[in-house]
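Novice: Mind looking over this structure? Questions follow.
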2 protein chains.
Amino acid sequence: MSFEPFAPPPRILMGPGPAAVDPRVLAAMSHALLGHLDPVFLGAMDDVREMLRRVFRTVNATTLAISGTGTAAMEAAFVNVVEPGDNVIVGVAGYFGARMAEIARRCGGRVTIVETAWGTPVPAERFQRALAEATGPVKAVALVHAETSTGVLQPLDDIVKLAHDAGALVILDAVTSLGGVELSVDAVEGGAGVDVCYSGSQKCLGSPPGMAPITLNDRAMEAIRSRRAPTPSFNLDLVLLERYWGRERAYHHTAPINSLYAMHEALRLVLEEGLQARVARHQRVHEQLRRGVEGLGLEFLVDAPHRLPMLNALRIPEGIDDRTVRGRLLAEHNIEIGAGLGPLAGKIWRVGLMGYSAREENVARFLTAMRIILGAPRMSRPRRPS
Amino acid sequence: MSFEPFAPPPRILMGPGPAAVDPRVLAAMSHALLGHLDPVFLGAMDDVREMLRRVFRTVNATTLAISGTGTAAMEAAFVNVVEPGDNVIVGVAGYFGARMAEIARRCGGRVTIVETAWGTPVPAERFQRALAEATGPVKAVALVHAETSTGVLQPLDDIVKLAHDAGALVILDAVTSLGGVELSVDAVEGGAGVDVCYSGSQKCLGSPPGMAPITLNDRAMEAIRSRRAPTPSFNLDLVLLERYWGRERAYHHTAPINSLYAMHEALRLVLEEGLQARVARHQRVHEQLRRGVEGLGLEFLVDAPHRLPMLNALRIPEGIDDRTVRGRLLAEHNIEIGAGLGPLAGKIWRVGLMGYSAREENVARFLTAMRIILGAPRMSRPRRPS
């Protein structure tokens with residue numbers, strides 16, 4: 001036997017996700033298994049469904065958790081909605097927008113990319129132009145709410161309105177935003193409302209990776225039900241998944257039992273804290289980080305109005321080696337932060353403050369570690385005993 | 001707050017899966033999270049990869065665990081291998097064979113179904129005929145090793161040889177068989193060897209559901225790499241997944257961290273026990289069950305030579321109500337067994353003995369409970385104090 005028991009070191013997870021999870025979530029996850037058709041387990045699925053509705057702020061019947069990662073949920077959105085030949089407009093200002101476009105293309109969509117520089121949100125006018133220039137109807141307009149690769153919060157309302165005026169469905173990637181910034185899937189309180197919205201478990205919702213919430217309104221489900229051919233993905237077929245999660249309980253796959261336990265407890269924690277309080281906490285901790293890194297002379301990639309609280313893209317100062325800093329953070333301080341992706345590789349650090357990781361003590365430890373590594377002067381000197 | 005903490009009752013899982021898992025697996029799963037690019041986590045992925053090779057008995061480079069359920073792994077096999085217009089021959093003698101055919105069709109395959117009655121294996125001659133009658137080359141021959149819906153062990157060698165002689169790839173569903181009966185993916189010791197083989201975590205491997213091992217040999221990967229168009233599934237693209245699991249570590253998705261911890265410990269347990277000893281244990285416990293249920297007057301659906309040890313399909317006796325028995329087993333004895341699917345609904349019970357659930361004490365408790373419920377005479381009367 002050459003394989004040692006696995007004993008992970010105690011990391012402070014301040015990368016782009018997964019975030020740390022509350023010990024209550026780990027405890028819930030380690031309960032012994034139930035069968036996936038056990039009435040007690042089905043009750044937990046119902047709870048998760050209802051809690052997800054509250055977190056998404058929707059009354060959508062079709063609200064469930066995909067048994068897979070955020071990427072699976074992204075694919076579920078496109079592979080169900082987009083049929084070969086459909087026009088799809090995708091906003092791309094980062095890695096995950098580009099991934100949406102790639103997936104839409106693989107579904108056979110005629111994809112128009114609406115681009116802007118990484119680090120800025122896509123202006124509504126670009127979508128307006130793409131909608132105006134489209135030949136034939138546009139099936140869907142897709143955009144990323146919180147672009148994890150850049151730390152940009154994408155304003156939604158104008159774009160959603162333009163898309164709906166053109167008869168298109170709106171697909172929103174809320175993997176990083178859900179539970180960390182304001183988001184309402186349904187059109188309430190002046191918000192625009194989106195037709196398809198998916199997220200991940202491991203960011204601001206505070207559960208381990210492996211399940212991915214998704215919600216679709218009747219208009220989106222109607223478009224899916226009236227497809228010319230069934231979706232090429234049996235595994236992600238939302239008509240079948242709805243029959244499995246709904247009253248029919250029609251067998252589709254074996255749910256990841258313990259991941260659902262974890263999600264159940266994570267959602268309970270979200271609702272206990274309250275959505276508004278949770279959003280406020282993410283903002284408060286972000287402000288703490290902002291003050292600290294500005295004190296260290298670091299700059300944000302993103303202009304203040306468009307910054308995400310839970311994903312802070314910091315420019316790597318001239319002359320500082322990216323890998324050395326991240327390596328020392330991990331090796332000497334057990335702190336993980338993220339590297340830049342694509343054109344931002346080597347140019348930014350991504351500091352995540354998500355879910356259970358969004359805590360003041362984490363920010364304090366990160367700032368202390370960075371002061372040591374960057375050799376910056378201490379903010380306050382240790383007092384000598386008088 | 002109307003959502004109560006989730007406290008699952010202590011079930012004895014003797015259904016078609018998920019099976020119970022060793023407490024060591026639950027303990028491993030509840031370790032705090034690491035980042036998915038943390039070197040320590042990448043080391044655990046490497047371990048899992050190597051342990052999976054030993055369990056699959058293969059040297060295939062492309063051996064990894066899909067971040068999804070067994071259904072995702074099934075879809076991964078077909079959506080990568082099968083291109084639109086490809087001839088695919090699928091053996092169908094149960095629910096999961098039928099699912100393979102459905103998925104192959106959704107991939108655009110020209111599917112020929114080779115059928116036989118549920119409860120029997122598909123004869124090699126049927127495959128031989130289908131191969132002979134095919135117009136044009138056959139891309140793949142697909143079959144289910146252990147048909148979970150019927151309890152049949154499908155003999156492989158003749159069919160694999162026929163398929164290979166015809167130049168077709170062999171796709172094998174080993175969701176229920178891997179770790180519970182003899183299986184060698186590579187052609188060794190007289191075994192035929194298969195080109196693509198996938199499994200699930202929650203059956204005889206003894207891990208919770210949510211990850212699904214898959215292995216492909218060079219011939220299969222070469223067929224995938226020379227596709228005319230990329231697979232429609234980005235999420236299950238095995239070329240990308242291999243780049244993620246391999247040395248390149250190219251980001252593809254966020255691995256389900258804790259599920260991989262669990263798989264790591266489950267595979268360690270498999271190798272500690274030894275594959276042969278594990279197979280022997282499944283057989284021994286199956287024999288114990290067989291003697292017991294025969295004593296109760298119950299009959300197997302499947303003839304002895306083709307019975308699976310880990311999935312026992314028992315005919316429901318005339319005049320006995322399926323739901324009542326399963327309901328009482330669960331409510332009064334905390335024992336879960338499975339119902340029949342499709343044409344076997346109401347006609348069989350499926351008694352699973354998989355992984356950590358394959359234990360003599362479980363069989364004993366099941367037999368005791370069945371004696372009480374079916375009103376059969378006790379095997380031995382309780383002794384009075386003398």
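Numbering starts fresh at 1 for the residues of each chain in the structure tokens, the chains themselves are lettered A, B, ... in the order given, and ligands are numbered from 1 as they appear.
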Can you tell me which residues surround Pro8 of chain B at a distance of at most 9 Å, considering only C-alpha atoms, apart from same-chain residues fewer than 3 positions away, and format the answer as an mmCIF file with C-alpha atoms, in the first residue's frame?

Specialist:
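File out-v6.cif, as written:
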```cif
data_model
loop_
_atom_site.group_PDB
_atom_site.id
_atom_site.type_symbol
_atom_site.label_atom_id
_atom_site.label_comp_id
_atom_site.auth_asym_id
_atom_site.auth_seq_id
_atom_site.Cartn_x
_atom_site.Cartn_y
_atom_site.Cartn_z
ATOM 1 C CA HIS A 31 -23.937 12.058 7.897
ATOM 2 C CA ALA A 32 -24.378 8.464 6.784
ATOM 3 C CA LEU A 33 -26.014 7.975 3.415
ATOM 4 C CA LEU A 34 -29.679 7.615 2.624
ATOM 5 C CA VAL A 40 -36.511 11.479 4.178
ATOM 6 C CA PHE A 41 -34.024 12.321 1.444
ATOM 7 C CA ARG B 11 -30.634 3.196 7.269
#
```

Novice: Can you pull out every residue within 7 Å of segment 72-88 of chain A, counting only C-alpha atoms, but drop anything in the same chain fewer than 2 positions away, and send it as a ChimeraX atom specification?

Specialist: /A:66,68-70,90,103-104,107-112,137-141,196,198,212,214,223-224,231,233,236-238 /B:235

Novice: Can you pull out every residue within 10 Å of Ala65 of chain B, counting only C-alpha atoms, but drop anything in the same chain fewer than 5 positions away, and send it as a PyMOL selection string?

Specialist: chain B and resi 45+48-49+52+73+198-201+210-215+241+245+255+260+263

Novice: Hey, which bits of segment 172-255 of chain A sit within 6 Å of segment 344-368 of chain A, and for each residue what's the closest pair of atoms and how far apart in Å (one decimal), counting only C-alpha atoms, rows by chain and increasing number, as CSV?

Specialist:
```
residue,atom,partner,partner_atom,distance
A:Lys203,CA,A:Met354,CA,5.5
A:Cys204,CA,A:Gly355,CA,4.1
A:Leu205,CA,A:Gly355,CA,5.8
A:Gly206,CA,A:Gly355,CA,4.8
```

Novice: Those same residues - N, CA and C atoms - I'd like them written as a PDB file, in the first residue's frame.

Specialist:
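As a result, selection.pdb now contains:
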```
ATOM      1  N   LYS A 203     -19.118  29.000  -3.941  1.00  0.00           N
ATOM      2  CA  LYS A 203     -18.673  30.401  -3.824  1.00  0.00           C
ATOM      3  C   LYS A 203     -19.426  31.027  -2.642  1.00  0.00           C
ATOM      4  N   CYS A 204     -20.304  31.968  -2.912  1.00  0.00           N
ATOM      5  CA  CYS A 204     -20.938  32.693  -1.801  1.00  0.00           C
ATOM      6  C   CYS A 204     -22.043  31.892  -1.115  1.00  0.00           C
ATOM      7  N   LEU A 205     -22.453  30.774  -1.672  1.00  0.00           N
ATOM      8  CA  LEU A 205     -23.455  29.955  -1.000  1.00  0.00           C
ATOM      9  C   LEU A 205     -22.834  29.123   0.122  1.00  0.00           C
ATOM     10  N   GLY A 206     -21.532  28.929   0.075  1.00  0.00           N
ATOM     11  CA  GLY A 206     -20.863  28.314   1.216  1.00  0.00           C
ATOM     12  C   GLY A 206     -20.985  26.812   1.346  1.00  0.00           C
TER      13      GLY A 206
END
```

Novice: Using only C-alpha atoms, which residue out of B:Ile257, B:Leu240, B:Leu296, B:Ala331 lies closest to chain A?

Specialist: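 Checking each candidate against chain A, we get B:Ile257 as the closest.
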
Novice: For each of B:Met370, B:Ala266, B:Val194, B:His253, take the minimum atom-to-atom distance to Glu294 of chain B, counting only C-alpha atoms, then give the residue where this is smallest.

Specialist: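 Of B:Met370, B:Ala266, B:Val194, B:His253, the one nearest Glu294 of chain B, counting only C-alpha atoms, is B:Met370.
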
Novice: Per DSSP on the backbone, what are the strand (DSSP E) residues of segment 118-307 of chain A, as a list in words?

Specialist: Val138, Lys139, Ala140, Val141, Ala142, Leu143, Val144, Ala146, Glu147, Val152, Leu153, Leu169, Val170, Ile171, Leu172, Asp173, Val196, Cys197, Tyr198, Ala212, Pro213, Ile214, Thr215 and Leu216 of chain A

Novice: For Ala20 of chain B, which residue out of B:Val160, B:Pro209, B:Ile316, B:Gly274 is the nearest one, using only C-alpha atoms?

Specialist: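 Comparing B:Val160, B:Pro209, B:Ile316, B:Gly274 against Ala20 of chain B, the winner is B:Pro209.
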
Novice: Please list as a list in words every residue within 12 Å of Gly43 of chain B, counting only C-alpha atoms and excluding residues in the same chain fewer than 6 positions away.

Specialist: Phe3, Glu4, Pro5, Phe6, Ala7 and Pro8 of chain A; Leu34, His36, Leu37, Arg49, Glu50, Trp245, Gly246, Arg247, Arg249, Leu260, Tyr261 and His264 of chain B

Novice: Mind giving me the straight-line distance from atom CA of Leu374 of chain B to atom CA of Gly295 of chain B in Å, one decimal?

Specialist: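 Taking atom CA of Leu374 of chain B as the start and atom CA of Gly295 of chain B as the end point, the length is 12.2 Å.
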
Novice: At what distance in Å, to one decimal, does atom CA of Val325 of chain B lie from atom CA of Ala339 of chain B?

Specialist: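 A separation of 10.4 Å between them.
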
Novice: Do a neighbour search on Gln128 of chain B at 12 Å with only C-alpha atoms, toss out local chain neighbours closer than 3 positions, and write the hits as a list in words.

Specialist: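 So, after excluding close chain neighbours, the residues are Ile89, Gly91, Val114, Val122, Pro123, Ala124, Glu125, Leu131, Ala132, Glu133, Ala134, Val138, Val141, Asp158, Ile159, Val160, Lys161, Leu162, Ala163, His164, Asp165 and Ala166 of chain B.
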
Novice: Export, as a compact mmCIF listing (two decimals), in the first residue's frame, the selected residues with C-alpha atoms.

Specialist:
```
# COMPACT_ATOMS: atom_id res chain seq x y z
CA ILE B 89 -24.66 -1.31 -31.57
CA GLY B 91 -26.94 -4.45 -26.03
CA VAL B 114 -29.51 -5.86 -29.72
CA VAL B 122 -27.53 -10.68 -24.39
CA PRO B 123 -26.16 -13.62 -26.43
CA ALA B 124 -22.98 -12.95 -28.40
CA GLU B 125 -24.69 -14.26 -31.55
CA LEU B 131 -22.24 -6.50 -36.81
CA ALA B 132 -22.67 -8.57 -39.97
CA GLU B 133 -25.80 -6.69 -41.02
CA ALA B 134 -24.43 -3.20 -40.39
CA VAL B 138 -19.49 0.27 -36.71
CA VAL B 141 -20.39 -1.70 -29.49
CA ASP B 158 -16.93 -13.23 -27.06
CA ILE B 159 -18.69 -9.94 -27.70
CA VAL B 160 -15.54 -7.90 -27.21
CA LYS B 161 -13.69 -10.15 -29.64
CA LEU B 162 -16.44 -9.86 -32.25
CA ALA B 163 -16.51 -6.09 -31.89
CA HIS B 164 -12.76 -5.75 -32.16
CA ASP B 165 -12.64 -8.06 -35.16
CA ALA B 166 -15.12 -5.71 -36.81
```

Novice: My list of candidates is A:Glu265, A:Glu248, A:Asp157, A:Asp321. Which is closest to Arg24 of chain A when distances are computed with only C-alpha atoms?

Specialist: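 For Arg24 of chain A, the nearest of the given residues is A:Glu265.
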
Novice: How many Å separate atom CA of Leu329 of chain A from atom CA of Leu42 of chain B?

Specialist: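 These two atoms are separated by 17.8 Å.
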
Novice: Taking only C-alpha atoms into account, which of A:Gln154, A:Gln202, A:Ser177, A:Ser149 comes nearest chain B?

Specialist: A:Gln202

Novice: Would you please work out which residue, of B:Ala93, B:Ile320, B:Val279, B:Ala44, is nearest to chain A when using only C-alpha atoms?

Specialist: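 Closest to chain A of all the choices is B:Ala44.
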